[in-house]
Structures are given as C-alpha cells and as structure tokens.
Amino acid sequence: MNKTLFNLSLATIILAQSFGSQASPNNLIDNVNTAMKMDYRTEADTKRDRNRSPAQALSFFGFQQDMKVIEFAPGNGWYTKILAPLLADKGQLHLAYKKEWLAGMDELLNHDAFKSTHKLPIELSWNSKDYRYDLGKLSFDMTDADMVLNIREYHNFNDEDKAKLNNAAFAALKSGGTYVIIDHSRRHMAVETRELARREDPVRVIIDVQKAGFILEKSSNMFYRPDDELRYEVGRKTVTGNTDRFTLIFKKP
C-alpha cells in the first residue's frame, strides 16, 4: 500500500475510534472539530467551514450523538461528512435523496465512519422549466426520528411540495422531535422573481411549517450577514459565500 494512503487510513481509523471515548454531549464541539479533520473531506468542503460554523449550528439545533437523524437532500454531503462520524457509535443518519443521486455516494458510505449511515430513497426530480425540484409521493418510512434537517433546500420547492415535505417531517418525528430549517433570507413580502428564487421569507416559512402541526421553538441570527442586501441571486459573485441565512427550530408536540 502507498505509504501516504496508509497514513491517511490509519489517521482516519484513529479519528473514528476517538468518537467512542468522546460521547458526552459536553464534548460535541470537540467531536465536530475532530470530524472536520477526517481525510475524506475535500478542499471544497473545508473552504465552507468558517461560513457554516457546524459546531455552533449543531449545538443550537440541540443535536445529540445518540439521535436518529434524517438529513433531507444532502447535496454534495458537506453536512453528511460531519454528521456520520458523530452518529456512528450510538445514533443513526438517514439520507433522504433520489436513489440515483444516493448511488453517487457509495464510495463515501463504505467508509468506517459511515457505519450507521443509511440510504433513504425518495421520489425527487429536477424541473428545468421552473428551476425547482419536484417531489413525488413522500414518506420517510419511520415515526421515531429525533431530528429532521432541511438545510438550504426549502427554497427548491413549490408551495405544494413544501407542504408535502413539512407533513412528511412531522410524520417521521417522534413527539418532541426537532425540525430544523436553514435557508437564504428574503425580505418579508418581497415579490417572487427569478433573482429571488433561492431565497425564502422566514415569516412565510414559519406560517407554513406551523400548518403541518409544528411549534416554533426558537430561531437564531448566527448566520446574519449585514452585507447581504437580500435582493440578489445567492450565486452572484458579490453574494455567494456571504448570504444572510435564517435558522428556525421547530418541535413536534
């Protein structure tokens, strides 16, 4: 075996094993920092760390390492790569995504740190006409989840599909379970335009999620960005990586 690859593999095993001895909730921040050093994380991943503040965010969510967590639409797996080792020993991570897109994560999921990570295929397709995702029939096939994470994905759906998503999250969670939504901020009551398509009005989100039966527990301004004027597409060079984002924590009664 190549010496460099051997050293990386050995380092990964040591890091993965360290989570077993650091299971106390008081050590969550230390464990997140350890997860961020795993060798499977790419340079593209690490460049986003400072802007996303995972230790601060997960602490605010009320995340614990023995939870059963659903991560909705994990994308390129930035959060997945941190959550998986945290939940490996005592928890579970379920990735809700299109079957074909989950297949693209097979190499990553074969890693020891992902031993408690599971695929959760859902009916999902890209609507190029409306520049959104379309949800088919949606069920997470469980009723005992502790947490559902919907991070920067809520904006990708029309009103009907947002209702499907909120209702499915409610059905999947146990009583007292947590539903987390983070998304790019839009000014309240701003008119819908293509420029604002990837932004959400947090007031509207709160109203819609409460219709599914959730109770708003708390919110955070940890991702407040004063330089974001809330009027440009989030992918613009002047905005990307510095978008203002709201964080909402809902509870199932």
# chains A, B, ... in the order shown; residues from 1 in each chain; ligands from 1
>>> closest_atom_pairs(of="region 82-165 of chain A", to="region 45-69 of chain A", cutoff="9 Å", atoms="only C-alpha atoms", output="JSON lines")
{"residue": "A:Ile82", "atom": "CA", "partner": "A:Pro54", "partner_atom": "CA", "distance": 8.3}
{"residue": "A:Leu83", "atom": "CA", "partner": "A:Gln65", "partner_atom": "CA", "distance": 8.8}
{"residue": "A:Leu86", "atom": "CA", "partner": "A:Gln65", "partner_atom": "CA", "distance": 5.7}
{"residue": "A:Leu87", "atom": "CA", "partner": "A:Gln65", "partner_atom": "CA", "distance": 5.1}
{"residue": "A:Ala88", "atom": "CA", "partner": "A:Gln65", "partner_atom": "CA", "distance": 8.2}
{"residue": "A:Asp89", "atom": "CA", "partner": "A:Asp66", "partner_atom": "CA", "distance": 7.8}
{"residue": "A:Lys90", "atom": "CA", "partner": "A:Asp66", "partner_atom": "CA", "distance": 4.6}
{"residue": "A:Gly91", "atom": "CA", "partner": "A:Asp66", "partner_atom": "CA", "distance": 4.0}
{"residue": "A:Gln92", "atom": "CA", "partner": "A:Lys68", "partner_atom": "CA", "distance": 4.6}
{"residue": "A:Leu93", "atom": "CA", "partner": "A:Val69", "partner_atom": "CA", "distance": 4.9}
{"residue": "A:His94", "atom": "CA", "partner": "A:Val69", "partner_atom": "CA", "distance": 6.1}
{"residue": "A:Leu95", "atom": "CA", "partner": "A:Val69", "partner_atom": "CA", "distance": 8.6}
{"residue": "A:Asp144", "atom": "CA", "partner": "A:Lys68", "partner_atom": "CA", "distance": 7.7}
{"residue": "A:Ala145", "atom": "CA", "partner": "A:Lys68", "partner_atom": "CA", "distance": 5.1}
{"residue": "A:Asp146", "atom": "CA", "partner": "A:Lys68", "partner_atom": "CA", "distance": 5.2}
{"residue": "A:Met147", "atom": "CA", "partner": "A:Val69", "partner_atom": "CA", "distance": 4.8}
{"residue": "A:Val148", "atom": "CA", "partner": "A:Val69", "partner_atom": "CA", "distance": 5.9}
{"residue": "A:Leu149", "atom": "CA", "partner": "A:Val69", "partner_atom": "CA", "distance": 7.5}
>>> select_by_dssp(residues="region 69-216 of chain A", states="helix (DSSP H, G or I)", output="number ranges by chain")
A: 80-87, 99-103, 106-109, 112-114, 154-156, 159-172, 194-196, 202-211
>>> residues_around(residues="region 97-108 of chain A", least_positions_apart="4", cutoff="12 Å", atoms="only C-alpha atoms", output="PyMOL selection string")
chain A and resi 38-42+70-78+80-81+84-85+112-115+117-126+133-136+138-140+150+153
>>> write_last_selection(atoms="C-alpha atoms", output="PDB file, in the first residue's frame")
ATOM      1  CA  MET A  38     -11.447  13.391   8.559  1.00  0.00           C
ATOM      2  CA  ASP A  39      -9.379  12.662   5.450  1.00  0.00           C
ATOM      3  CA  TYR A  40     -12.385  12.153   3.151  1.00  0.00           C
ATOM      4  CA  ARG A  41     -13.277  15.842   3.384  1.00  0.00           C
ATOM      5  CA  THR A  42     -12.188  17.777   0.309  1.00  0.00           C
ATOM      6  CA  ILE A  70     -32.903  12.402   8.765  1.00  0.00           C
ATOM      7  CA  GLU A  71     -30.866  14.665   6.507  1.00  0.00           C
ATOM      8  CA  PHE A  72     -33.100  15.794   3.652  1.00  0.00           C
ATOM      9  CA  ALA A  73     -31.388  16.321   0.271  1.00  0.00           C
ATOM     10  CA  PRO A  74     -27.750  16.148   1.428  1.00  0.00           C
ATOM     11  CA  GLY A  75     -26.398  17.517  -1.857  1.00  0.00           C
ATOM     12  CA  ASN A  76     -22.632  17.049  -2.038  1.00  0.00           C
ATOM     13  CA  GLY A  77     -22.558  15.811   1.540  1.00  0.00           C
ATOM     14  CA  TRP A  78     -20.945  18.721   3.375  1.00  0.00           C
ATOM     15  CA  THR A  80     -23.207  14.376   5.911  1.00  0.00           C
ATOM     16  CA  LYS A  81     -19.438  14.074   6.265  1.00  0.00           C
ATOM     17  CA  ALA A  84     -21.869  10.493  10.025  1.00  0.00           C
ATOM     18  CA  PRO A  85     -18.930  10.024  12.419  1.00  0.00           C
ATOM     19  CA  ASP A 112     -15.876   3.124   8.525  1.00  0.00           C
ATOM     20  CA  ALA A 113     -17.167   6.473   9.801  1.00  0.00           C
ATOM     21  CA  PHE A 114     -20.453   5.852   7.917  1.00  0.00           C
ATOM     22  CA  LYS A 115     -21.333   2.539   9.579  1.00  0.00           C
ATOM     23  CA  THR A 117     -25.488   5.975   7.845  1.00  0.00           C
ATOM     24  CA  HIS A 118     -28.340   4.660   5.705  1.00  0.00           C
ATOM     25  CA  LYS A 119     -29.846   5.484   2.315  1.00  0.00           C
ATOM     26  CA  LEU A 120     -33.454   6.666   2.305  1.00  0.00           C
ATOM     27  CA  PRO A 121     -34.543   6.893  -1.359  1.00  0.00           C
ATOM     28  CA  ILE A 122     -37.342   9.361  -2.171  1.00  0.00           C
ATOM     29  CA  GLU A 123     -39.148  10.414  -5.353  1.00  0.00           C
ATOM     30  CA  LEU A 124     -37.302  13.525  -6.445  1.00  0.00           C
ATOM     31  CA  SER A 125     -36.601  15.038  -9.858  1.00  0.00           C
ATOM     32  CA  TRP A 126     -35.305  18.282 -11.299  1.00  0.00           C
ATOM     33  CA  TYR A 133     -37.199  20.132  -7.681  1.00  0.00           C
ATOM     34  CA  ASP A 134     -40.403  18.141  -7.930  1.00  0.00           C
ATOM     35  CA  LEU A 135     -41.399  15.774  -5.130  1.00  0.00           C
ATOM     36  CA  GLY A 136     -43.447  12.675  -5.802  1.00  0.00           C
ATOM     37  CA  LEU A 138     -43.108  11.480   0.063  1.00  0.00           C
ATOM     38  CA  SER A 139     -42.682   9.393   3.187  1.00  0.00           C
ATOM     39  CA  PHE A 140     -39.577   8.905   5.312  1.00  0.00           C
ATOM     40  CA  ASN A 150     -33.620  20.720   5.950  1.00  0.00           C
ATOM     41  CA  GLU A 153     -33.193  23.172   0.430  1.00  0.00           C
TER      42      GLU A 153
END
>>> atom_distance(atom1="CA of Glu200 (chain A)", atom2="CA of Gly176 (chain A)")
25.6 Å
>>> atom_distance(atom1="CA of Leu173 (chain A)", atom2="CA of Thr143 (chain A)")
5.4 Å
>>> residues_around(residues="Arg245 (chain A)", least_positions_apart="5", cutoff="7 Å", atoms="only C-alpha atoms", output="JSON, numbers by chain")
{"A": [182, 183, 184, 185, 223, 224]}
>>> write_last_selection(atoms="N, CA and C atoms", output="short mmCIF file (atom, residue, chain, number, x, y, z; two decimals), in the first residue's frame")
data_model
loop_
_atom_site.label_atom_id
_atom_site.label_comp_id
_atom_site.auth_asym_id
_atom_site.auth_seq_id
_atom_site.Cartn_x
_atom_site.Cartn_y
_atom_site.Cartn_z
N ILE A 182 -32.81 25.79 7.68
CA ILE A 182 -31.92 26.91 7.42
C ILE A 182 -32.05 27.26 5.94
N ASP A 183 -32.19 28.53 5.63
CA ASP A 183 -32.24 28.91 4.22
C ASP A 183 -31.80 30.36 4.03
N HIS A 184 -31.59 30.71 2.77
CA HIS A 184 -31.17 32.06 2.42
C HIS A 184 -32.34 33.03 2.62
N SER A 185 -32.07 34.15 3.26
CA SER A 185 -33.13 35.08 3.64
C SER A 185 -33.62 35.93 2.47
N PHE A 223 -26.26 33.28 11.39
CA PHE A 223 -25.83 33.45 10.00
C PHE A 223 -26.30 34.78 9.41
N TYR A 224 -26.53 35.73 10.28
CA TYR A 224 -26.87 37.08 9.81
C TYR A 224 -25.65 37.69 9.13
#
>>> residues_around(residues="region 190-194 of chain A", least_positions_apart="4", cutoff="10 Å", atoms="only C-alpha atoms", output="number ranges by chain")
A: 130-131, 186, 198-201, 230-233
>>> write_last_selection(atoms="N, CA and C atoms", output="PDB file, in the first residue's frame")
ATOM      1  N   ASP A 130     -39.237  25.112 -14.365  1.00  0.00           N
ATOM      2  CA  ASP A 130     -39.499  26.004 -13.231  1.00  0.00           C
ATOM      3  C   ASP A 130     -38.265  26.226 -12.368  1.00  0.00           C
ATOM      4  N   TYR A 131     -37.160  25.548 -12.725  1.00  0.00           N
ATOM      5  CA  TYR A 131     -35.905  25.673 -11.994  1.00  0.00           C
ATOM      6  C   TYR A 131     -36.086  25.311 -10.518  1.00  0.00           C
ATOM      7  N   ARG A 186     -34.925  36.142   2.464  1.00  0.00           N
ATOM      8  CA  ARG A 186     -35.571  37.076   1.552  1.00  0.00           C
ATOM      9  C   ARG A 186     -36.280  38.135   2.390  1.00  0.00           C
ATOM     10  N   ARG A 198     -33.996  31.539  -4.965  1.00  0.00           N
ATOM     11  CA  ARG A 198     -33.322  30.703  -3.972  1.00  0.00           C
ATOM     12  C   ARG A 198     -33.255  31.384  -2.599  1.00  0.00           C
ATOM     13  N   ARG A 199     -34.211  32.250  -2.367  1.00  0.00           N
ATOM     14  CA  ARG A 199     -34.348  32.894  -1.060  1.00  0.00           C
ATOM     15  C   ARG A 199     -35.749  32.620  -0.530  1.00  0.00           C
ATOM     16  N   GLU A 200     -35.877  32.629   0.806  1.00  0.00           N
ATOM     17  CA  GLU A 200     -37.173  32.382   1.437  1.00  0.00           C
ATOM     18  C   GLU A 200     -37.482  33.469   2.465  1.00  0.00           C
ATOM     19  N   ASP A 201     -38.746  33.839   2.517  1.00  0.00           N
ATOM     20  CA  ASP A 201     -39.252  34.754   3.539  1.00  0.00           C
ATOM     21  C   ASP A 201     -39.432  33.941   4.826  1.00  0.00           C
ATOM     22  N   LEU A 230     -30.167  41.213   0.418  1.00  0.00           N
ATOM     23  CA  LEU A 230     -31.385  40.402   0.277  1.00  0.00           C
ATOM     24  C   LEU A 230     -32.102  40.620  -1.052  1.00  0.00           C
ATOM     25  N   ARG A 231     -31.415  41.089  -2.051  1.00  0.00           N
ATOM     26  CA  ARG A 231     -32.078  41.346  -3.332  1.00  0.00           C
ATOM     27  C   ARG A 231     -31.365  40.743  -4.532  1.00  0.00           C
ATOM     28  N   TYR A 232     -30.282  40.022  -4.290  1.00  0.00           N
ATOM     29  CA  TYR A 232     -29.544  39.421  -5.398  1.00  0.00           C
ATOM     30  C   TYR A 232     -29.580  37.902  -5.312  1.00  0.00           C
ATOM     31  N   GLU A 233     -29.453  37.249  -6.482  1.00  0.00           N
ATOM     32  CA  GLU A 233     -29.372  35.798  -6.547  1.00  0.00           C
ATOM     33  C   GLU A 233     -28.181  35.324  -5.698  1.00  0.00           C
TER      34      GLU A 233
END
